[in-house]
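Chemist: Sharing a structure with you now.
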Amino acid sequence: MTEQAIDTAERPGGLKRAVQGLLGTPLPRIEGPLKVTGTATYAFEDAPEGTAYLAVVGAPVGAGELTGIDATAAEALPGVLAVIHDDPRMMAGEGNSRAMPSRGTRRIFHVGQPVAAVVAETQAIAREAAALVRVTVDEQAGRYDFAAAPVDDAPDIGFLPPVTKGDLDAAMRNAPVTFDATYSTPAHFPAALEPHATTAWWEGDQLTVRSSNQVIGAAKSTIATALGIAEDKVRVLAPFVGGGFGGKTGVGPEVILAAIAAEKLGRPVKVALPRRDTAYLVHHRSETRQRIRIACDHDGHINAIAHEGVAYQNDDSAFLEPIPFGSIPLYSGNTRVFRTALARVDLPPTGAVRAPGEAIGTFAIECAMDELAEQLGLDPIELRRRNETAYDPTSSKPFSTRRLLDCYAEGARRFGWPECVPDPGTTPEGEWLIGIGMAAALRGNFTVTAAANVRLEPNGRVTVETDMTDIGTGTYTILAQTAGEVLGVDASQVDVRIGDTNYPKSAGSGGSFGAGSACAAAVLACEDVLAELALRMNAAPEELVLKDGCVAAGGREVPLADLARGEPIEGRGKSSPGQQAKRTSQASHGAHFCEVAVNAVTGEVRVRRMLGVFDVGRVLNAKTAANQIVGGMIWGVSYALGEAAITDTRSGRFVNPDFGEYHVAVNADVPQIDVHFIEEIDDAANQVGAKGVGELGISGAGAAVINAIHNATGVRVRNVPATLDTLLAGLPPV
Amino acid sequence: MRFTINQKTYEADVDVRTSLLDLCREHLGLTGSKKGCDHGQCGACTMLVNGRRINACLSLAVMHQDDEIVTIEGLGTVEDLHPMQAAFVSHDGYQCGYCTPGQICSAVGMLDEVKKGWASHVTGDLDQVSLTDAEISERMSGNICRCAAYPNIVDAIREVAGQWGEQAIKPAPRSAAEQPAQEKVSA
């Protein structure tokens with residue numbers, strides 16, 4: 001076992017010397033043929049023989065005390081196998097490795113909270129019976145209106161401690177130039193296309209759960225805790241996950257219901273949440289209000305910067321959207337205030353949705369910088385350049401790597417950013433108004449403990465095993481590339497086995513830490529294999545040259561299969577965060593550029609082109625990395641122009657809990673998008689030198705769109721989405 | 001009930017409320033078509049019925065007993081990919097893969113619509129329908145990709161349309177000619 005905390009910024013020898021030339025190449029996904037033929041197996045598919053269907057019964061109101069469940073009518077329906085309620089193991093909400101929800105409670109925290117479940121022979125019968133279950137609640141007045149909810153300035157939940165450096169009020173009073181504006185963002189659904197689904201079955205006291213889940217190692221513990229059984233009695237499978245976007249990081253209450261039902265019936269049970277139920281049973285991103293204050297001199301040098309927000313949560317959940325997370329290391333300034341206040345509500349839980357903090361925090365800070373640049377008469381890139389710092393302006397730690405200035409320069413050059421940006425509303429083209437905008441992107445980098453096995457098989461093939469997931473991120477492919485690079489074999493010679501908790505525990509997919517952590521573990525596992533190969537070659541590991549399935553050393557070249565001598569050579573690797581995470585400030589960076597056309601008559605916004613340049617450390621696969629970044633940028637377009645989950649403040653229900661009315665970007669909403677990387681391998685981040693990718697693209701992207709709309713029209717949108725009605729009144733005469 | 005799917009005959013005894021999608025996924029073991037919303041809003045369940053793309057979640061199975069149904073499983077296999085499937089792989093026209101079968105069936109059906117000269121919302125000259133990127137994007141907007149691989153999806157479709165030229169655009173399964181006489185499967 002090669003186990004290594006990331007204490008020094010040193011690349012493992014095998015990767016340093018590797019010559020295969022595979023890692024980083026735009027290799028098509030190795031599991032691609034399965035996906036395009038419909039043979040990739042997701043959680044609801046390929047269920048064991050005799051699987052029954054489960055439908056969840058949700059609370060009809062958002063606040064109160066459950067007083068009764070009458071299942072008589074449901075139980076009388078032919079085909080109904082069981083109605084489950086009043087089981088003390090039932091979870092009121094989602095559980096994860098940090099916090100468990102109430103269990104076996106009668107208190108109602110939000111509309112749709114699971115209070116019972118029906119199991120039946122078919123899906124149609126299960127759903128019909130679920131509608132027949134009578135739920136009675138002693139209803140209380142609910143807090144359904146974020147705008148009206150009282151605010152707690154010092155909440156005891158959330159992972160991001162508040163930052164207060166210096167006297168903000170004094171700085172604002174004394175500065176020659178100040179900026180103070182408030183922005184808002186609506187609730188966002190993660191809305192993965194695969195509905196949250198689980199198939200559960202017991203073999204004796206052993207539970208197997210196939211679930212659409214991003215972090216199955218943690219899910220295994222959560223499921224064991226919820227059911228009160230030993231962790232080694234639970235196996236979680238997730239060979240394919242149809243998107244996650246944060247929504248599948250925890251274990252939903254329906255997973256536990258399926259396990260309880262399977263136990264009760266002695267047969268497999270599966271459940272897929274109907275689309276509208278995902279709005280209530282899956283967490284969403286909180287609505288936010290965000291106030292940005294900046295004090296600077298006439299040249300734009302920032303002296304004080306404050307990013308203060310309010311987000312909401314219900315009484316049963318511990319997550320708090322870390323609104324200013326991305327702003328903390330972004331710009332200079334001695335006086336700094338960053339905090340998030342809490343409004344308690346009786347709504348479904350809020351939680352991590354793609355780039356929690358940065359996705360919506362960078363909208364506010366990057367629009368504010370655009371407004372400030374205009375106020376100062378400065379180019380928005382120049383304002384940002386003047387406030388770039390050599391070290392983290394909040395923690396004073398050095399950056400591990402930071403190529404933000406290069407991203408601005410390269411992006412401006414490729415986009416054709418003009419020397420002098422035209423004044424707002426001065427570039428008409430027929431009935432369209434054209435505008436350009438830019439924004440910085442920043443997403444904090446995390447590394448999480450991850451283990452992997454790499455095995456050289458007797459036939460010369462290589463196997464990688466880890467309990468990582470591939471939620472569309474390219475995990476299968478980059479693990480094959482990583483192991484192939486170090487052991488000198490083509491990706492076609494590597495078998496990647498993931499999505500099973502019987503394999504070594506990895507980081508899972510979340511927080512953009514999956515790729516770097518998992519590949520770091522694979523690199524370390526390869527070190528074991530290399531050490532054994534060196535022995536068999538009678539050479540030092542440093543002397544080995546591995547390429548195209550052969551090992552060369554001391555003038556000899558031997559096929560890998562021959563060195564295996566009929567027995568596999570096992571390598572085990574484990575990477576964990578170390579001193580580097582404490583000593584350095586780590587983030588992925590980038591710059592977005594956007595051109596929009598706004599119809600002067602209707603207010604319709606068309607994004608004409610978008611370009612981004614990004615610093616993500618080592619690019620593990622140029623094709624999948626760029627695709628992920630593009631996806632993030634489109635999420636930015638999507639929330640700038642359309643996405644908004646609307647709460648009915650009278651009932652605590654969502655007005656638009658499906659794709660018909662919750663508008664995510666579709667093909668016609670987006671143009672071709674250019675993505676470029678400035679690659680600097682970050683050895684402080686992890687052993688493979690890769691920083692996070694999946695959440696970087698969304699960070700700042702919405703601001704670039706909104707800034708372009710301002711440049712096109714002169715209308716400053718501080719409350720997204722920028723729907724037609726928000727623009728119409730302010731549009732210049734045609 | 002009796003169905004012809006991917007040139008095979010299937011018999012199934014199902015609840016009349018069963019959608020064509022659930023018939024395939026839950027009763028016939030054809031899980032390639034996906035369920036994203038069950039509301040006709042996402043397109044993940046797109047199949048070709050008599051050559052035209054439909055949302056299989058919005059159609060009852062019982063209505064399709066006389067139809068020729070083609071699902072993703074009928075277009076190609078891992079060993080013998082349909083050109084559209086191959087193009088999605090080479091252009092990375094997906095991420096998680098969940099919308100992908102629907103995107104591919106939709107793309108195949110869409111090219112046939114263009115070939116027939118059907119106009120779309122963005123068509124300028126109704127007598128001259130051509131396959132611009134704007135046309136592809138518009139016509140593929142019934143298929144949501146939450147991973148948002150849209151630009152790559154457009155690249156993949158453009159390439160296939162170009163390769164196939166005028167007669168490209170045919171929704172019949174590629175290996176139809178080679179397939180043996182109808183095989184009967186009961187569920």
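Simple scheme: letters A, B, ... for chains in structure tokens order, numbers from 1 for residues in each chain, numbers from 1 for ligands in the order shown.
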Please return, as an MDAnalysis selection string, all residues of chain A lying within 7 Å of chain B when only C-alpha atoms are considered.

Modeler: chainID A and resid 28 32:39 45 192:195 241:243 274:275 471:473 627 631 634 659:660 666:668 672:673

Chemist: Go ahead and save the residues from that selection, with N, CA and C atoms, as a JSON list (two decimals), in the first residue's frame.

Modeler:
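Okay, result02.json is ready:
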[["chain", "number", "residue", "atom", "x", "y", "z"],
["A", 28, "PRO", "N", -11.94, 9.69, -26.38],
["A", 28, "PRO", "CA", -13.39, 9.52, -26.19],
["A", 28, "PRO", "C", -13.67, 8.62, -24.99],
["A", 32, "GLY", "N", -18.43, 5.09, -23.47],
["A", 32, "GLY", "CA", -19.34, 5.74, -24.41],
["A", 32, "GLY", "C", -20.25, 4.79, -25.18],
["A", 33, "PRO", "N", -19.70, 3.71, -25.76],
["A", 33, "PRO", "CA", -20.56, 2.79, -26.52],
["A", 33, "PRO", "C", -21.73, 2.24, -25.70],
["A", 34, "LEU", "N", -21.53, 2.05, -24.40],
["A", 34, "LEU", "CA", -22.64, 1.58, -23.56],
["A", 34, "LEU", "C", -23.72, 2.66, -23.45],
["A", 35, "LYS", "N", -23.28, 3.89, -23.31],
["A", 35, "LYS", "CA", -24.26, 4.97, -23.14],
["A", 35, "LYS", "C", -25.05, 5.21, -24.43],
["A", 36, "VAL", "N", -24.40, 5.18, -25.56],
["A", 36, "VAL", "CA", -25.11, 5.51, -26.81],
["A", 36, "VAL", "C", -25.99, 4.37, -27.31],
["A", 37, "THR", "N", -25.79, 3.18, -26.77],
["A", 37, "THR", "CA", -26.63, 2.06, -27.20],
["A", 37, "THR", "C", -27.72, 1.76, -26.16],
["A", 38, "GLY", "N", -27.75, 2.51, -25.09],
["A", 38, "GLY", "CA", -28.77, 2.27, -24.07],
["A", 38, "GLY", "C", -28.48, 1.05, -23.21],
["A", 39, "THR", "N", -27.24, 0.57, -23.25],
["A", 39, "THR", "CA", -26.92, -0.62, -22.46],
["A", 39, "THR", "C", -26.20, -0.30, -21.16],
["A", 45, "GLU", "N", -32.85, 0.17, -13.42],
["A", 45, "GLU", "CA", -32.87, -0.83, -14.49],
["A", 45, "GLU", "C", -32.23, -2.14, -14.04],
["A", 192, "ALA", "N", -31.20, 16.77, -12.07],
["A", 192, "ALA", "CA", -30.53, 15.74, -12.88],
["A", 192, "ALA", "C", -31.60, 15.05, -13.72],
["A", 193, "LEU", "N", -31.22, 14.66, -14.94],
["A", 193, "LEU", "CA", -32.25, 14.11, -15.81],
["A", 193, "LEU", "C", -32.72, 12.73, -15.35],
["A", 194, "GLU", "N", -31.80, 11.95, -14.78],
["A", 194, "GLU", "CA", -32.25, 10.67, -14.21],
["A", 194, "GLU", "C", -32.92, 10.97, -12.88],
["A", 195, "PRO", "N", -34.19, 10.61, -12.73],
["A", 195, "PRO", "CA", -34.83, 10.85, -11.43],
["A", 195, "PRO", "C", -34.11, 10.03, -10.36],
["A", 241, "VAL", "N", -24.65, 6.87, -13.19],
["A", 241, "VAL", "CA", -25.50, 7.84, -12.50],
["A", 241, "VAL", "C", -25.88, 8.91, -13.51],
["A", 242, "GLY", "N", -27.18, 9.10, -13.67],
["A", 242, "GLY", "CA", -27.66, 10.01, -14.71],
["A", 242, "GLY", "C", -27.65, 11.46, -14.30],
["A", 243, "GLY", "N", -26.48, 11.94, -13.95],
["A", 243, "GLY", "CA", -26.33, 13.33, -13.52],
["A", 243, "GLY", "C", -26.60, 13.44, -12.03],
["A", 274, "PRO", "N", -41.10, 10.42, -8.99],
["A", 274, "PRO", "CA", -41.70, 11.15, -10.11],
["A", 274, "PRO", "C", -41.06, 12.54, -10.18],
["A", 275, "ARG", "N", -40.96, 13.09, -11.36],
["A", 275, "ARG", "CA", -40.24, 14.36, -11.54],
["A", 275, "ARG", "C", -40.68, 15.44, -10.56],
["A", 471, "ILE", "N", -20.59, 10.44, -12.85],
["A", 471, "ILE", "CA", -21.91, 11.05, -12.98],
["A", 471, "ILE", "C", -21.99, 11.85, -14.27],
["A", 472, "GLY", "N", -21.11, 11.48, -15.20],
["A", 472, "GLY", "CA", -21.03, 12.22, -16.46],
["A", 472, "GLY", "C", -19.73, 12.98, -16.54],
["A", 473, "THR", "N", -18.93, 12.80, -15.50],
["A", 473, "THR", "CA", -17.71, 13.59, -15.32],
["A", 473, "THR", "C", -16.52, 13.00, -16.06],
["A", 627, "ASN", "N", -15.89, 19.61, -21.99],
["A", 627, "ASN", "CA", -17.33, 19.36, -22.01],
["A", 627, "ASN", "C", -17.95, 19.75, -20.67],
["A", 631, "GLY", "N", -20.63, 22.65, -19.99],
["A", 631, "GLY", "CA", -21.88, 22.39, -19.28],
["A", 631, "GLY", "C", -22.10, 23.40, -18.16],
["A", 634, "ILE", "N", -23.10, 26.74, -19.54],
["A", 634, "ILE", "CA", -24.51, 26.76, -19.96],
["A", 634, "ILE", "C", -25.42, 26.83, -18.74],
["A", 659, "PHE", "N", -40.01, 20.21, -15.63],
["A", 659, "PHE", "CA", -39.30, 20.84, -16.74],
["A", 659, "PHE", "C", -40.21, 21.69, -17.62],
["A", 660, "GLY", "N", -41.53, 21.53, -17.45],
["A", 660, "GLY", "CA", -42.45, 22.34, -18.25],
["A", 660, "GLY", "C", -42.35, 23.81, -17.87],
["A", 666, "VAL", "N", -32.14, 24.77, -23.09],
["A", 666, "VAL", "CA", -32.25, 23.73, -24.11],
["A", 666, "VAL", "C", -31.28, 24.08, -25.24],
["A", 667, "ASN", "N", -31.21, 23.17, -26.20],
["A", 667, "ASN", "CA", -30.22, 23.32, -27.27],
["A", 667, "ASN", "C", -30.29, 24.69, -27.95],
["A", 668, "ALA", "N", -31.50, 25.17, -28.21],
["A", 668, "ALA", "CA", -31.64, 26.42, -28.94],
["A", 668, "ALA", "C", -31.24, 27.64, -28.11],
["A", 672, "GLN", "N", -22.43, 27.84, -29.94],
["A", 672, "GLN", "CA", -21.18, 27.13, -29.78],
["A", 672, "GLN", "C", -20.35, 27.88, -28.74],
["A", 673, "ILE", "N", -19.63, 27.14, -27.93],
["A", 673, "ILE", "CA", -18.89, 27.75, -26.82],
["A", 673, "ILE", "C", -17.43, 27.33, -26.90]]

Chemist: List as an MDAnalysis selection string the protein and nucleic acid residues near Ser517 in chain A, meaning an atom at most 9 Å away when only C-alpha atoms are counted, but skip any in the same chain fewer than 5 places from it.

Modeler: chainID A and resid 446:451 506:508 522 575:576 686:688 690

Chemist: If you measure from CA of Val62 in chain B to CA of Phe3 in chain B, what distance in Å do you get, rounded to one decimal?

Modeler: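 CA of Phe3 in chain B lies at a distance of 9.0 Å from CA of Val62 in chain B.
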
Chemist: Tell me, which residues of range 54-137 of chain B carry DSSP strand (DSSP E), written as number ranges by chain?

Modeler: B: 54-55, 68-70

Chemist: List the spatial neighbours of range 186-188 of chain A as a PyMOL selection string - criterion: any atom at most 8 Å away, only C-alpha atoms, same-chain residues fewer than 5 positions off excluded.

Modeler: chain A and resi 284-288+353+643-646+720-721

Chemist: Using only C-alpha atoms for the distances, tell me which of A:Gly300, A:Pro329, A:Gly309, A:Gly474 is nearest to Tyr183 in chain A.

Modeler: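 Counting only C-alpha atoms, the residue closest to Tyr183 in chain A is A:Gly309.
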
Chemist: Measure the distance from CA of Arg650 in chain A to CA of Arg344 in chain A in Å and round it to one decimal.

Modeler: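 The value is 15.8 Å.
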
Chemist: How far is it from CA of Asp7 in chain A to CA of Glu680 in chain A, in Å with one decimal?

Modeler: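 Rounded to one decimal, the two atoms are 19.1 Å apart.
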
Chemist: I'd like to know which residues of range 93-203 of chain A are alpha helix (DSSP H) (by DSSP, run on the backbone); could you write them as number ranges by chain?

Modeler: A: 123-132, 168-174

Chemist: Would you save the residues from that selection as a compact mmCIF listing (two decimals), in the first residue's frame, using N, CA and C atoms?

Modeler:
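Resulting contents of out19.txt:
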# COMPACT_ATOMS: atom_id res chain seq x y z
N GLN A 123 -45.98 -0.25 -10.96
CA GLN A 123 -45.80 1.17 -10.69
C GLN A 123 -47.15 1.90 -10.66
N ALA A 124 -48.01 1.53 -11.62
CA ALA A 124 -49.30 2.21 -11.71
C ALA A 124 -50.13 1.96 -10.45
N ILE A 125 -50.12 0.72 -9.96
CA ILE A 125 -50.90 0.41 -8.75
C ILE A 125 -50.29 1.14 -7.54
N ALA A 126 -48.97 1.15 -7.47
CA ALA A 126 -48.32 1.82 -6.33
C ALA A 126 -48.70 3.29 -6.29
N ARG A 127 -48.70 3.93 -7.43
CA ARG A 127 -49.00 5.36 -7.45
C ARG A 127 -50.48 5.62 -7.20
N GLU A 128 -51.32 4.77 -7.74
CA GLU A 128 -52.75 4.94 -7.48
C GLU A 128 -53.03 4.77 -5.99
N ALA A 129 -52.41 3.75 -5.40
CA ALA A 129 -52.64 3.48 -3.97
C ALA A 129 -52.07 4.61 -3.11
N ALA A 130 -50.94 5.16 -3.52
CA ALA A 130 -50.34 6.26 -2.74
C ALA A 130 -51.32 7.43 -2.65
N ALA A 131 -52.05 7.65 -3.74
CA ALA A 131 -53.02 8.75 -3.74
C ALA A 131 -54.22 8.44 -2.86
N LEU A 132 -54.41 7.16 -2.51
CA LEU A 132 -55.55 6.77 -1.68
C LEU A 132 -55.23 6.81 -0.18
N LEU A 168 -15.27 47.93 8.39
CA LEU A 168 -15.90 48.14 7.08
C LEU A 168 -16.60 49.50 7.02
N ASP A 169 -17.34 49.83 8.07
CA ASP A 169 -18.09 51.09 8.06
C ASP A 169 -17.15 52.28 7.91
N ALA A 170 -16.04 52.23 8.66
CA ALA A 170 -15.07 53.33 8.56
C ALA A 170 -14.48 53.40 7.16
N ALA A 171 -14.16 52.24 6.62
CA ALA A 171 -13.57 52.20 5.27
C ALA A 171 -14.55 52.78 4.25
N MET A 172 -15.81 52.45 4.40
CA MET A 172 -16.82 52.95 3.47
C MET A 172 -16.99 54.47 3.63
N ARG A 173 -16.90 54.94 4.87
CA ARG A 173 -17.05 56.38 5.13
C ARG A 173 -15.90 57.17 4.52
N ASN A 174 -14.71 56.61 4.61
CA ASN A 174 -13.52 57.40 4.28
C ASN A 174 -13.02 57.25 2.84

Chemist: Excluding Ala116 in chain A and residues on its chain fewer than 2 positions from it, collect all residues at most 8 Å away from it, counting only C-alpha atoms, and give them as a PDB file with N, CA and C atoms, in the first residue's frame.

Modeler:
ATOM      1  N   VAL A  56     -43.911   6.931  -2.811  1.00  0.00           N
ATOM      2  CA  VAL A  56     -43.824   7.676  -1.555  1.00  0.00           C
ATOM      3  C   VAL A  56     -45.093   8.507  -1.372  1.00  0.00           C
ATOM      4  N   VAL A  57     -45.578   8.547  -0.144  1.00  0.00           N
ATOM      5  CA  VAL A  57     -46.702   9.413   0.208  1.00  0.00           C
ATOM      6  C   VAL A  57     -46.130  10.604   0.974  1.00  0.00           C
ATOM      7  N   GLY A  58     -46.400  11.800   0.469  1.00  0.00           N
ATOM      8  CA  GLY A  58     -45.827  12.993   1.095  1.00  0.00           C
ATOM      9  C   GLY A  58     -46.846  13.749   1.926  1.00  0.00           C
ATOM     10  N   ILE A  69     -52.519   8.298   9.749  1.00  0.00           N
ATOM     11  CA  ILE A  69     -52.404   7.751   8.392  1.00  0.00           C
ATOM     12  C   ILE A  69     -53.501   6.699   8.271  1.00  0.00           C
ATOM     13  N   VAL A  83     -48.417  -1.116   2.958  1.00  0.00           N
ATOM     14  CA  VAL A  83     -48.311   0.328   3.165  1.00  0.00           C
ATOM     15  C   VAL A  83     -47.444   0.509   4.403  1.00  0.00           C
ATOM     16  N   ILE A  84     -46.380   1.254   4.229  1.00  0.00           N
ATOM     17  CA  ILE A  84     -45.419   1.421   5.326  1.00  0.00           C
ATOM     18  C   ILE A  84     -45.590   2.798   5.937  1.00  0.00           C
ATOM     19  N   HIS A  85     -45.765   2.838   7.246  1.00  0.00           N
ATOM     20  CA  HIS A  85     -45.770   4.124   7.952  1.00  0.00           C
ATOM     21  C   HIS A  85     -45.451   3.847   9.406  1.00  0.00           C
ATOM     22  N   ASP A  86     -45.164   4.871  10.122  1.00  0.00           N
ATOM     23  CA  ASP A  86     -44.847   4.756  11.548  1.00  0.00           C
ATOM     24  C   ASP A  86     -43.661   3.834  11.825  1.00  0.00           C
ATOM     25  N   PRO A 114     -41.848  12.725   3.370  1.00  0.00           N
ATOM     26  CA  PRO A 114     -42.427  11.386   3.315  1.00  0.00           C
ATOM     27  C   PRO A 114     -43.038  10.973   4.656  1.00  0.00           C
ATOM     28  N   VAL A 118     -46.168   3.186  -0.278  1.00  0.00           N
ATOM     29  CA  VAL A 118     -46.963   2.054  -0.741  1.00  0.00           C
ATOM     30  C   VAL A 118     -46.079   1.172  -1.611  1.00  0.00           C
TER      31      VAL A 118
END
